[in-house]
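Peer 1: Structure supplied as data-v2.cif; contents: mmCIF, C-alpha atoms.
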data_run
loop_
_atom_site.group_PDB
_atom_site.id
_atom_site.type_symbol
_atom_site.label_atom_id
_atom_site.label_comp_id
_atom_site.auth_asym_id
_atom_site.auth_seq_id
_atom_site.Cartn_x
_atom_site.Cartn_y
_atom_site.Cartn_z
ATOM 1 C CA MET A 795 -168.339 -126.245 30.881
ATOM 2 C CA VAL A 796 -164.643 -125.812 31.566
ATOM 3 C CA LEU A 797 -162.484 -126.948 28.672
ATOM 4 C CA ASN A 798 -159.264 -128.797 29.418
ATOM 5 C CA GLU A 799 -156.088 -129.111 27.379
ATOM 6 C CA GLN A 800 -157.335 -132.244 25.657
ATOM 7 C CA ASP A 801 -160.591 -130.512 24.688
ATOM 8 C CA TYR A 802 -158.617 -127.775 22.986
ATOM 9 C CA GLN A 803 -156.668 -130.423 21.079
ATOM 10 C CA LEU A 804 -159.931 -132.029 20.055
ATOM 11 C CA ILE A 805 -161.385 -128.667 18.992
ATOM 12 C CA ALA A 806 -158.272 -127.940 16.945
ATOM 13 C CA GLU A 807 -158.701 -131.269 15.146
ATOM 14 C CA ILE A 808 -162.424 -130.972 14.379
ATOM 15 C CA GLN A 809 -162.900 -127.238 13.751
ATOM 16 C CA GLY A 810 -161.855 -127.529 10.105
ATOM 17 C CA GLY A 811 -164.212 -130.462 9.590
ATOM 18 C CA LEU A 812 -164.289 -134.198 10.190
ATOM 19 C CA PRO A 813 -162.403 -136.476 7.803
ATOM 20 C CA LEU A 814 -164.789 -137.912 5.222
ATOM 21 C CA THR A 815 -164.094 -141.544 6.042
ATOM 22 C CA SER A 816 -165.976 -144.489 7.448
ATOM 23 C CA HIS A 817 -164.803 -143.959 11.028
ATOM 24 C CA PRO A 818 -164.192 -140.203 11.371
ATOM 25 C CA TYR A 819 -164.210 -140.097 15.176
ATOM 26 C CA ALA A 820 -161.649 -142.911 15.350
ATOM 27 C CA ALA A 821 -159.464 -141.061 12.841
ATOM 28 C CA ILE A 822 -159.643 -137.873 14.955
ATOM 29 C CA GLY A 823 -158.860 -139.881 18.092
ATOM 30 C CA GLU A 824 -155.760 -141.419 16.550
ATOM 31 C CA ARG A 825 -154.275 -137.974 16.000
ATOM 32 C CA ILE A 826 -154.660 -136.896 19.618
ATOM 33 C CA GLY A 827 -154.371 -140.164 21.525
ATOM 34 C CA LEU A 828 -158.026 -140.736 22.379
ATOM 35 C CA ASP A 829 -160.087 -143.766 21.514
ATOM 36 C CA GLU A 830 -163.160 -143.499 19.315
ATOM 37 C CA GLN A 831 -165.689 -143.637 22.132
ATOM 38 C CA ALA A 832 -163.848 -140.956 24.130
ATOM 39 C CA VAL A 833 -163.983 -138.607 21.127
ATOM 40 C CA ILE A 834 -167.702 -139.270 20.672
ATOM 41 C CA ASP A 835 -168.419 -138.744 24.375
ATOM 42 C CA ARG A 836 -166.474 -135.502 24.521
ATOM 43 C CA ILE A 837 -168.202 -134.070 21.434
ATOM 44 C CA ASP A 838 -171.526 -135.144 22.924
ATOM 45 C CA THR A 839 -170.693 -133.250 26.137
ATOM 46 C CA MET A 840 -169.763 -130.123 24.163
ATOM 47 C CA LEU A 841 -173.100 -130.328 22.309
ATOM 48 C CA THR A 842 -175.074 -130.785 25.509
ATOM 49 C CA SER A 843 -173.311 -127.930 27.258
ATOM 50 C CA GLY A 844 -173.718 -125.659 24.227
ATOM 51 C CA VAL A 845 -170.023 -125.155 23.414
ATOM 52 C CA ILE A 846 -170.896 -126.703 20.047
ATOM 53 C CA LYS A 847 -174.154 -125.293 18.656
ATOM 54 C CA ARG A 848 -174.573 -127.925 15.998
ATOM 55 C CA LEU A 849 -172.641 -130.732 14.409
ATOM 56 C CA GLY A 850 -173.363 -131.378 10.771
ATOM 57 C CA ILE A 851 -172.958 -130.237 7.204
ATOM 58 C CA VAL A 852 -172.011 -126.559 7.047
ATOM 59 C CA VAL A 853 -173.440 -125.264 3.778
ATOM 60 C CA ARG A 854 -172.222 -122.270 1.836
ATOM 61 C CA HIS A 855 -175.535 -120.943 0.614
ATOM 62 C CA ARG A 856 -173.980 -118.623 -1.953
ATOM 63 C CA GLU A 857 -172.792 -121.523 -4.100
ATOM 64 C CA LEU A 858 -176.362 -122.825 -4.200
ATOM 65 C CA GLY A 859 -177.678 -119.637 -5.740
ATOM 66 C CA TYR A 860 -178.573 -117.871 -2.488
ATOM 67 C CA THR A 861 -176.743 -114.765 -3.577
ATOM 68 C CA ALA A 862 -179.107 -112.204 -2.045
ATOM 69 C CA ASN A 863 -177.859 -111.957 1.500
ATOM 70 C CA ALA A 864 -179.388 -109.224 3.608
ATOM 71 C CA MET A 865 -178.344 -108.067 7.030
ATOM 72 C CA VAL A 866 -181.338 -106.223 8.429
ATOM 73 C CA VAL A 867 -180.520 -103.961 11.350
ATOM 74 C CA TRP A 868 -183.188 -102.517 13.646
ATOM 75 C CA ASP A 869 -183.159 -99.695 16.165
ATOM 76 C CA VAL A 870 -185.374 -101.316 18.778
ATOM 77 C CA PRO A 871 -186.385 -99.570 22.012
ATOM 78 C CA ASP A 872 -184.508 -101.349 24.811
ATOM 79 C CA GLU A 873 -187.666 -102.496 26.568
ATOM 80 C CA ARG A 874 -188.912 -104.262 23.416
ATOM 81 C CA LEU A 875 -185.608 -105.863 22.409
ATOM 82 C CA ASP A 876 -185.939 -109.285 24.060
ATOM 83 C CA GLU A 877 -189.509 -109.841 22.970
ATOM 84 C CA LEU A 878 -188.813 -108.816 19.396
ATOM 85 C CA GLY A 879 -185.492 -110.668 19.167
ATOM 86 C CA GLU A 880 -187.131 -113.895 20.257
ATOM 87 C CA ARG A 881 -190.001 -113.439 17.817
ATOM 88 C CA LEU A 882 -187.747 -112.724 14.822
ATOM 89 C CA GLY A 883 -185.130 -115.314 15.784
ATOM 90 C CA ALA A 884 -187.777 -118.043 15.714
ATOM 91 C CA LEU A 885 -188.709 -117.403 12.077
ATOM 92 C CA GLU A 886 -187.427 -120.144 9.802
ATOM 93 C CA CYS A 887 -185.917 -117.962 7.097
ATOM 94 C CA ILE A 888 -184.068 -115.702 9.524
ATOM 95 C CA THR A 889 -180.810 -117.571 9.941
ATOM 96 C CA LEU A 890 -179.157 -115.373 12.554
ATOM 97 C CA CYS A 891 -180.614 -112.908 15.048
ATOM 98 C CA TYR A 892 -178.351 -111.059 17.469
ATOM 99 C CA GLN A 893 -178.362 -108.150 19.859
ATOM 100 C CA ARG A 894 -175.289 -105.954 19.399
ATOM 101 C CA PRO A 895 -174.415 -102.613 21.022
ATOM 102 C CA ARG A 896 -175.435 -99.260 19.590
ATOM 103 C CA ARG A 897 -172.470 -96.984 18.793
ATOM 104 C CA LEU A 898 -174.004 -93.523 18.916
ATOM 105 C CA PRO A 899 -174.082 -91.252 17.038
ATOM 106 C CA ASP A 900 -172.769 -93.347 14.121
ATOM 107 C CA TRP A 901 -174.702 -96.536 14.652
ATOM 108 C CA PRO A 902 -178.121 -96.601 16.373
ATOM 109 C CA TYR A 903 -179.020 -100.210 15.471
ATOM 110 C CA ASN A 904 -179.098 -102.860 18.189
ATOM 111 C CA LEU A 905 -180.793 -105.893 16.608
ATOM 112 C CA PHE A 906 -179.283 -107.760 13.643
ATOM 113 C CA CYS A 907 -181.067 -110.360 11.487
ATOM 114 C CA MET A 908 -179.680 -112.275 8.554
ATOM 115 C CA ILE A 909 -181.932 -113.254 5.674
ATOM 116 C CA HIS A 910 -180.751 -115.258 2.655
ATOM 117 C CA GLY A 911 -182.598 -115.579 -0.611
ATOM 118 C CA GLN A 912 -182.081 -116.384 -4.248
ATOM 119 C CA GLU A 913 -183.253 -112.976 -5.464
ATOM 120 C CA ARG A 914 -182.936 -109.526 -3.997
ATOM 121 C CA SER A 915 -186.535 -108.591 -4.898
ATOM 122 C CA LYS A 916 -187.862 -111.619 -3.012
ATOM 123 C CA VAL A 917 -185.796 -110.834 0.059
ATOM 124 C CA LEU A 918 -187.056 -107.245 0.043
ATOM 125 C CA ALA A 919 -190.636 -108.494 -0.343
ATOM 126 C CA TYR A 920 -190.074 -110.882 2.572
ATOM 127 C CA ILE A 921 -188.834 -107.992 4.713
ATOM 128 C CA ASP A 922 -191.888 -105.893 3.752
ATOM 129 C CA ARG A 923 -194.190 -108.733 4.772
ATOM 130 C CA LEU A 924 -192.202 -109.139 7.976
ATOM 131 C CA VAL A 925 -192.610 -105.459 8.890
ATOM 132 C CA GLU A 926 -196.339 -105.731 8.301
ATOM 133 C CA SER A 927 -197.039 -109.090 9.917
ATOM 134 C CA GLN A 928 -194.873 -108.427 12.966
ATOM 135 C CA GLY A 929 -196.042 -104.827 13.450
ATOM 136 C CA LEU A 930 -192.597 -103.267 13.022
ATOM 137 C CA SER A 931 -193.468 -100.152 11.047
ATOM 138 C CA ASP A 932 -192.530 -97.850 13.940
ATOM 139 C CA ILE A 933 -189.074 -99.418 14.333
ATOM 140 C CA PRO A 934 -186.387 -97.850 12.132
ATOM 141 C CA HIS A 935 -184.516 -100.409 10.086
ATOM 142 C CA LYS A 936 -182.001 -100.606 7.320
ATOM 143 C CA VAL A 937 -181.149 -103.411 4.861
ATOM 144 C CA LEU A 938 -177.501 -104.064 4.018
ATOM 145 C CA PHE A 939 -177.104 -106.500 1.139
ATOM 146 C CA SER A 940 -173.761 -108.229 0.857
ATOM 147 C CA GLY A 941 -171.556 -107.613 -2.145
ATOM 148 C CA ARG A 942 -168.184 -109.149 -2.767
ATOM 149 C CA ARG A 943 -167.009 -111.854 -0.418
ATOM 150 C CA PHE A 944 -163.354 -111.348 0.399
ATOM 151 C CA LYS A 945 -162.894 -114.234 2.824
ATOM 152 C CA GLN A 946 -164.960 -117.001 4.371
ATOM 153 C CA ARG A 947 -163.922 -119.935 6.485
ATOM 154 C CA GLY A 948 -164.810 -121.435 9.832
ATOM 155 C CA ALA A 949 -163.527 -119.646 12.919
ATOM 156 C CA ARG A 950 -160.117 -120.773 14.142
ATOM 157 C CA TYR A 951 -159.404 -119.910 17.729
ATOM 158 C CA GLN A 952 -156.159 -121.790 18.278
ATOM 159 C CA MET B 968 -156.402 -116.873 2.549
ATOM 160 C CA ALA B 969 -158.346 -114.907 -0.054
ATOM 161 C CA THR B 970 -156.233 -113.865 -2.962
ATOM 162 C CA PRO B 971 -157.532 -111.532 -5.667
ATOM 163 C CA ALA B 972 -157.828 -114.566 -7.931
ATOM 164 C CA SER B 973 -160.106 -116.398 -5.496
ATOM 165 C CA ILE B 974 -162.239 -113.288 -5.034
ATOM 166 C CA MET B 975 -162.709 -113.095 -8.778
ATOM 167 C CA ARG B 976 -163.576 -116.753 -9.033
ATOM 168 C CA HIS B 977 -166.249 -116.571 -6.339
ATOM 169 C CA ASN B 978 -167.869 -113.513 -7.813
ATOM 170 C CA GLN B 979 -167.912 -114.822 -11.322
ATOM 171 C CA THR B 980 -169.804 -117.926 -10.230
ATOM 172 C CA LYS B 981 -173.158 -116.799 -11.510
ATOM 173 C CA ASP B 982 -174.889 -120.118 -11.961
ATOM 174 C CA ALA B 983 -175.937 -122.004 -8.883
ATOM 175 C CA ILE B 984 -174.577 -125.496 -8.557
ATOM 176 C CA PRO B 985 -177.553 -127.825 -9.158
ATOM 177 C CA LEU B 986 -178.336 -130.506 -6.594
ATOM 178 C CA ASN B 987 -180.191 -133.754 -7.154
ATOM 179 C CA ASP B 988 -182.892 -134.941 -4.743
ATOM 180 C CA LEU B 989 -180.536 -137.071 -2.672
ATOM 181 C CA GLU B 990 -178.073 -134.212 -2.310
ATOM 182 C CA LYS B 991 -180.874 -131.821 -1.283
ATOM 183 C CA ARG B 992 -182.145 -134.254 1.342
ATOM 184 C CA LEU B 993 -178.642 -134.750 2.666
ATOM 185 C CA LEU B 994 -178.057 -130.999 2.986
ATOM 186 C CA ASN B 995 -181.495 -130.264 4.422
ATOM 187 C CA GLU B 996 -181.541 -133.062 6.967
ATOM 188 C CA TYR B 997 -177.949 -133.127 8.207
ATOM 189 C CA GLN B 998 -176.945 -129.535 8.850
ATOM 190 C CA LYS B 999 -177.417 -130.583 12.437
ATOM 191 C CA GLY B 1000 -177.597 -133.919 14.174
ATOM 192 C CA LEU B 1001 -174.688 -135.692 12.512
ATOM 193 C CA PRO B 1002 -174.907 -139.114 14.194
ATOM 194 C CA LEU B 1003 -172.519 -139.551 17.121
ATOM 195 C CA SER B 1004 -171.981 -143.191 16.279
ATOM 196 C CA PRO B 1005 -168.745 -144.844 15.145
ATOM 197 C CA THR B 1006 -170.017 -144.806 11.544
ATOM 198 C CA PRO B 1007 -172.075 -141.602 11.092
ATOM 199 C CA PHE B 1008 -171.997 -141.645 7.299
ATOM 200 C CA ARG B 1009 -173.185 -145.251 7.132
ATOM 201 C CA ASP B 1010 -176.065 -144.364 9.485
ATOM 202 C CA ILE B 1011 -177.013 -141.387 7.314
ATOM 203 C CA ALA B 1012 -176.861 -143.572 4.199
ATOM 204 C CA GLU B 1013 -179.180 -146.120 5.799
ATOM 205 C CA ARG B 1014 -181.727 -143.460 6.696
ATOM 206 C CA LEU B 1015 -181.597 -142.000 3.198
ATOM 207 C CA GLY B 1016 -181.755 -145.412 1.575
ATOM 208 C CA THR B 1017 -178.386 -145.271 -0.101
ATOM 209 C CA SER B 1018 -174.806 -146.427 0.415
ATOM 210 C CA GLU B 1019 -172.124 -145.030 2.699
ATOM 211 C CA ALA B 1020 -169.788 -144.811 -0.305
ATOM 212 C CA LEU B 1021 -172.237 -142.567 -2.158
ATOM 213 C CA VAL B 1022 -172.799 -140.301 0.846
ATOM 214 C CA LEU B 1023 -169.045 -139.871 1.252
ATOM 215 C CA LYS B 1024 -168.604 -139.291 -2.465
ATOM 216 C CA ILE B 1025 -171.323 -136.612 -2.527
ATOM 217 C CA LEU B 1026 -169.899 -134.823 0.507
ATOM 218 C CA ASP B 1027 -166.396 -134.935 -0.918
ATOM 219 C CA ARG B 1028 -167.605 -133.524 -4.243
ATOM 220 C CA LEU B 1029 -169.714 -130.759 -2.646
ATOM 221 C CA GLN B 1030 -166.811 -129.869 -0.372
ATOM 222 C CA LYS B 1031 -164.481 -129.571 -3.375
ATOM 223 C CA LEU B 1032 -167.070 -127.427 -5.186
ATOM 224 C CA GLY B 1033 -167.334 -125.206 -2.117
ATOM 225 C CA VAL B 1034 -171.058 -125.855 -1.535
ATOM 226 C CA VAL B 1035 -170.128 -127.563 1.723
ATOM 227 C CA SER B 1036 -167.524 -125.724 3.762
ATOM 228 C CA ARG B 1037 -167.071 -128.646 6.143
ATOM 229 C CA VAL B 1038 -168.819 -131.470 7.923
ATOM 230 C CA GLY B 1039 -168.207 -130.631 11.513
ATOM 231 C CA PRO B 1040 -168.999 -128.395 14.451
ATOM 232 C CA VAL B 1041 -170.351 -124.877 14.620
ATOM 233 C CA PHE B 1042 -169.132 -123.431 17.875
ATOM 234 C CA LYS B 1043 -171.230 -121.130 19.984
ATOM 235 C CA PRO B 1044 -169.627 -117.694 19.720
ATOM 236 C CA ARG B 1045 -167.485 -116.675 22.671
ATOM 237 C CA GLN B 1046 -167.426 -120.111 24.306
ATOM 238 C CA VAL B 1047 -164.092 -120.974 22.795
ATOM 239 C CA GLY B 1048 -162.121 -117.771 22.631
ATOM 240 C CA THR B 1049 -163.816 -114.505 21.779
ATOM 241 C CA SER B 1050 -164.964 -112.716 18.660
ATOM 242 C CA THR B 1051 -166.605 -109.598 17.350
ATOM 243 C CA LEU B 1052 -168.315 -108.242 14.244
ATOM 244 C CA ALA B 1053 -166.405 -105.251 12.931
ATOM 245 C CA ALA B 1054 -167.282 -102.705 10.264
ATOM 246 C CA MET B 1055 -165.345 -100.034 8.407
ATOM 247 C CA ALA B 1056 -166.380 -97.212 6.070
ATOM 248 C CA VAL B 1057 -163.855 -97.288 3.219
ATOM 249 C CA PRO B 1058 -163.857 -95.196 0.025
ATOM 250 C CA GLU B 1059 -165.049 -97.407 -2.823
ATOM 251 C CA ALA B 1060 -161.830 -97.050 -4.819
ATOM 252 C CA LEU B 1061 -159.783 -98.405 -1.906
ATOM 253 C CA LEU B 1062 -162.161 -101.109 -0.779
ATOM 254 C CA GLU B 1063 -160.459 -104.033 -2.470
ATOM 255 C CA SER B 1064 -156.994 -103.189 -1.189
ATOM 256 C CA VAL B 1065 -158.186 -102.497 2.364
ATOM 257 C CA ALA B 1066 -160.222 -105.732 2.282
ATOM 258 C CA GLU B 1067 -157.135 -107.636 1.236
ATOM 259 C CA ARG B 1068 -155.185 -106.248 4.187
ATOM 260 C CA ILE B 1069 -157.974 -107.194 6.578
ATOM 261 C CA SER B 1070 -158.300 -110.706 5.106
ATOM 262 C CA ALA B 1071 -154.573 -111.221 5.591
ATOM 263 C CA TYR B 1072 -155.065 -111.314 9.379
ATOM 264 C CA PRO B 1073 -155.354 -114.951 10.480
ATOM 265 C CA GLU B 1074 -157.861 -113.732 13.117
ATOM 266 C CA VAL B 1075 -160.370 -112.826 10.367
ATOM 267 C CA ASN B 1076 -162.691 -115.580 9.160
ATOM 268 C CA HIS B 1077 -165.467 -113.727 7.322
ATOM 269 C CA ASN B 1078 -164.883 -110.563 5.338
ATOM 270 C CA TYR B 1079 -167.656 -109.145 3.168
ATOM 271 C CA GLU B 1080 -168.596 -106.065 1.271
ATOM 272 C CA ARG B 1081 -172.010 -104.658 2.224
ATOM 273 C CA GLU B 1082 -174.000 -101.934 0.525
ATOM 274 C CA ASP B 1083 -173.841 -99.163 3.087
ATOM 275 C CA HIS B 1084 -171.716 -96.276 4.288
ATOM 276 C CA TYR B 1085 -170.118 -99.017 6.393
ATOM 277 C CA ASN B 1086 -169.129 -101.132 3.412
ATOM 278 C CA LEU B 1087 -166.616 -103.614 4.830
ATOM 279 C CA TRP B 1088 -167.811 -106.121 7.441
ATOM 280 C CA PHE B 1089 -165.647 -108.788 9.021
ATOM 281 C CA VAL B 1090 -165.547 -111.161 11.963
ATOM 282 C CA VAL B 1091 -162.440 -111.162 14.147
ATOM 283 C CA THR B 1092 -161.700 -114.035 16.530
ATOM 284 C CA ALA B 1093 -158.996 -114.305 19.187
ATOM 285 C CA PRO B 1094 -158.141 -116.499 22.153
ATOM 286 C CA ASN B 1095 -158.990 -113.667 24.571
ATOM 287 C CA GLN B 1096 -160.368 -110.135 24.829
ATOM 288 C CA GLN B 1097 -156.974 -108.486 25.189
ATOM 289 C CA ARG B 1098 -155.671 -110.031 21.977
ATOM 290 C CA LEU B 1099 -158.915 -109.159 20.185
ATOM 291 C CA GLU B 1100 -158.589 -105.478 21.070
ATOM 292 C CA GLN B 1101 -154.940 -105.519 20.079
ATOM 293 C CA VAL B 1102 -155.837 -106.896 16.636
ATOM 294 C CA LEU B 1103 -158.573 -104.269 16.135
ATOM 295 C CA GLN B 1104 -156.122 -101.504 17.036
ATOM 296 C CA GLU B 1105 -153.519 -102.918 14.668
ATOM 297 C CA MET B 1106 -156.100 -102.939 11.887
ATOM 298 C CA GLU B 1107 -157.071 -99.321 12.530
ATOM 299 C CA ARG B 1108 -153.431 -98.278 12.553
ATOM 300 C CA GLU B 1109 -152.570 -100.233 9.443
ATOM 301 C CA THR B 1110 -155.534 -99.082 7.332
ATOM 302 C CA GLY B 1111 -156.187 -95.652 8.823
ATOM 303 C CA TYR B 1112 -159.935 -96.339 9.131
ATOM 304 C CA ALA B 1113 -161.894 -96.458 12.381
ATOM 305 C CA ILE B 1114 -163.574 -99.738 13.293
ATOM 306 C CA LEU B 1115 -167.154 -100.046 14.443
ATOM 307 C CA ASN B 1116 -166.809 -102.789 17.050
ATOM 308 C CA LEU B 1117 -170.105 -104.661 17.440
ATOM 309 C CA PRO B 1118 -169.618 -107.675 19.729
ATOM 310 C CA LEU B 1119 -172.463 -110.090 20.240
ATOM 311 C CA GLU B 1120 -174.508 -109.275 23.329
ATOM 312 C CA LYS B 1121 -177.290 -111.788 22.991
ATOM 313 C CA GLN B 1122 -178.246 -114.494 20.553
ATOM 314 C CA PHE B 1123 -181.940 -115.034 19.866
ATOM 315 C CA HIS B 1124 -182.085 -117.703 17.175
ATOM 316 C CA ILE B 1125 -181.425 -121.383 17.552
ATOM 317 C CA ASP B 1126 -178.955 -122.382 14.876
ATOM 318 C CA LEU B 1127 -180.525 -125.249 12.988
ATOM 319 C CA GLY B 1128 -178.713 -124.605 9.734
ATOM 320 C CA PHE B 1129 -180.307 -123.107 6.679
ATOM 321 C CA PRO B 1130 -183.355 -124.731 5.079
ATOM 322 C CA LEU B 1131 -183.072 -124.723 1.298
ATOM 323 C CA TRP B 1132 -186.733 -123.755 0.786
ATOM 324 C CA CYS B 1133 -186.364 -120.139 1.960
#
Would you mind writing the file's structure down as structure tokens?

Peer 2:
Amino acid sequence: MVLNEQDYQLIAEIQGGLPLTSHPYAAIGERIGLDEQAVIDRIDTMLTSGVIKRLGIVVRHRELGYTANAMVVWDVPDERLDELGERLGALECITLCYQRPRRLPDWPYNLFCMIHGQERSKVLAYIDRLVESQGLSDIPHKVLFSGRRFKQRGARYQ
Amino acid sequence: MATPASIMRHNQTKDAIPLNDLEKRLLNEYQKGLPLSPTPFRDIAERLGTSEALVLKILDRLQKLGVVSRVGPVFKPRQVGTSTLAAMAVPEALLESVAERISAYPEVNHNYEREDHYNLWFVVTAPNQQRLEQVLQEMERETGYAILNLPLEKQFHIDLGFPLWC
């Protein structure tokens, strides 16, 4: 979809979160001169067209004890990338699954999966089971656990 | 913006914040599909068998505690503006100070340490590709470390939020 000036205003108002009030869409509308139903319709259009992936509660898993956060990177042969990406991306406990470019010779990995867990040992065991059950033993991979978090907030594009 | 004090605070939070059953249901069931009705929180409360006031109170509390970052949209990457995942290999002793410089850019929204030769990972967003590349170059110049620029090429998962039983 093509976004117009008013859409960008709407995005700027909602990207940091909706106001926690009885009529949040009306409150957003008041700030940018749209009525409640127009705000709802426009958000609905952005959801349908995929500009917005989801609308809901954005949870910070770390505060809930999910401190073991692994980025698993795989060096997948090009011809197997789509098939494997779709298979891994569909697994419930893999929260993100992306293709990214290799940067040879420094970085040969082209598939990225994010796995969150409450304990490092459990995440590693999950990855072991994954390698076995999905037949991935011939695909080089590496696990990068996260350490300190220096900054986290929603993306701001404006 | 992350200050050293806020970094310390996050990393010293060892104990998970406990959730009661209602809070767990709220977080599990509404990471997507917030009702697009005039009164979304009242609708949620009805479905969960509680009051709108309590739903709002819980969300406000969890937001203040940092468990909830926001109730709102997650945009599909590169639909609104553009972004990339960037990595740097920084000597351990300098990591905190380099991270602080990177976090200071308003274009950076996530900035994490990871256990690897590439030990600093961050997401850079910009209104367009030209500005994005300009920011990456500025960062390389300012810190003296090369950036591994890993833009998204294809997304395989469907983002349904994060189930709390994993």

Peer 1: Distance atom CA of B:Leu1001-atom CA of B:Arg1014, one decimal place?

Peer 2: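 Going from atom CA of B:Leu1001 over to atom CA of B:Arg1014, I get 12.0 Å.
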
Peer 1: When the PyMOL selection byres ((chain B and resi 1075) around 8) is applied to the file above, which residues end up in the set, as an MDAnalysis selection string?

Peer 2: (chainID A and resid 949) or (chainID B and resid 1069:1074 1076:1078 1089:1092)

Peer 1: Smallest atom-to-atom distance to chain A: which of B:Leu1115, B:Ile1025, B:Ala983, B:Met1106, using all atoms listed in the file?

Peer 2: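 The answer is B:Ala983, which sits nearest to chain A.
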
Peer 1: Pull out every residue that the PyMOL selection byres ((chain A and resi 805) around 12) matches in the shown coordinates and put them as a count of residues only.

Peer 2: 35

Peer 1: Which is closer to B:Arg992 than all the others in A:Ile851, A:Thr839, A:Lys945, A:Gly844, using all atoms listed in the file?

Peer 2: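 Answer, going by the shortest atom-to-atom distance: A:Ile851.
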
Peer 1: Evaluating the PyMOL selection byres ((chain A and resi 924) around 12) on the displayed file yields which residues, as a ChimeraX atom specification?

Peer 2: /A:866,878,881-882,885,887-888,907,909,917-923,925-931,935

Peer 1: Can you tell me how far atom CA of B:Tyr1085 sits from atom CA of A:Leu898, in Å to one decimal?

Peer 2: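 About the pair atom CA of B:Tyr1085 and atom CA of A:Leu898: they are 14.2 Å apart.
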
Peer 1: Compare A:Ser843, A:Glu857, A:Val796, A:Ile933 by their minimum atom-to-atom distance to A:Val870, counting only C-alpha atoms, and give me the closest one.

Peer 2: A:Ile933

Peer 1: Could you pull the residues within 12 Å of A:Gly850, counting only C-alpha atoms, minus those fewer than 5 positions along the same chain, as a PyMOL selection string?

Peer 2: (chain A and resi 808-809+811-812+841) or (chain B and resi 993-1003+1007-1008+1011+1026+1035-1042+1126-1129)

Peer 1: Tell me, in Å to one decimal, how far atom CA of B:Ile984 is from atom CA of B:Leu1087.

Peer 2: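 Interatomic distance here is 26.9 Å.
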
Peer 1: Between B:Asp1027, B:Glu1120, B:Glu1109, B:Glu1080, which is the closest to A:Ala864 once you count all atoms listed in the file?

Peer 2: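 Nearest candidate to A:Ala864 out of B:Asp1027, B:Glu1120, B:Glu1109, B:Glu1080: B:Glu1080.
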
Peer 1: Point out the residue among B:Arg1108, B:Lys991, B:Arg1098, B:Lys1043 with the least atom-to-atom distance to chain A, counting all atoms listed in the file.

Peer 2: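 Looking at the shortest contact to chain A, the residue is B:Lys1043.
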
Peer 1: Using all atoms listed in the file, which residues sit within 9 Å of stretch 901-905 of chain A once same-chain residues fewer than 6 positions away are excluded, as a list in words?

Peer 2: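 The neighbour list is Val866, Val867, Trp868, Asp869, Val870, Pro871, Asp872, Leu875, Leu878, Gly879, Cys891, Tyr892, Gln893, Arg894, Pro895, Pro934, His935 and Lys936 of chain A; Leu1115 of chain B.
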
Peer 1: Could you pull the residues within 8 Å of stretch 1110-1112 of chain B, counting only C-alpha atoms, minus those fewer than 5 positions along the same chain, as a list in words?

Peer 2: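 Contacts, with the query itself left out: Met1055, Ala1056, Val1057, Val1065 and Arg1068 of chain B.
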
Peer 1: Go ahead and write the selection's residues with C-alpha atoms as a tab-separated table (two decimals), in the coordinates of the input.

Peer 2:
chain	number	residue	atom	x	y	z
B	1055	MET	CA	-165.34	-100.03	8.41
B	1056	ALA	CA	-166.38	-97.21	6.07
B	1057	VAL	CA	-163.86	-97.29	3.22
B	1065	VAL	CA	-158.19	-102.50	2.36
B	1068	ARG	CA	-155.18	-106.25	4.19

Peer 1: Enclose all atoms of stretch 856-867 of chain A listed in the file in an axis-aligned box, grow every side by 3 Å, and hand back centre and edge lengths in Å to one decimal, as AutoDock Vina command-line options.

Peer 2:
--center_x -177.1 --center_y -113.4 --center_z 2.8 --size_x 14.5 --size_y 24.9 --size_z 23.1

Peer 1: Determine, counting only C-alpha atoms, which protein, DNA and RNA residues have an atom within 7 Å of an atom of A:Gln912; residues of the same chain fewer than 2 positions away are not included. Present the result as a list of chain:residue names.

Peer 2: A:Gly859, A:Tyr860, A:Thr861, A:Ala862, A:Arg914

Peer 1: Generate the output file for the selected residues, C-alpha atoms, as a compact mmCIF listing (two decimals), in the coordinates of the input.

Peer 2:
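Written file, again21.txt:
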# COMPACT_ATOMS: atom_id res chain seq x y z
CA GLY A 859 -177.68 -119.64 -5.74
CA TYR A 860 -178.57 -117.87 -2.49
CA THR A 861 -176.74 -114.76 -3.58
CA ALA A 862 -179.11 -112.20 -2.04
CA ARG A 914 -182.94 -109.53 -4.00

Peer 1: Which residue out of B:Thr1006, B:Asn1086, B:Ala1012, B:Ala1060 has the minimum interatomic distance to chain A when all atoms listed in the file are used?

Peer 2: B:Thr1006
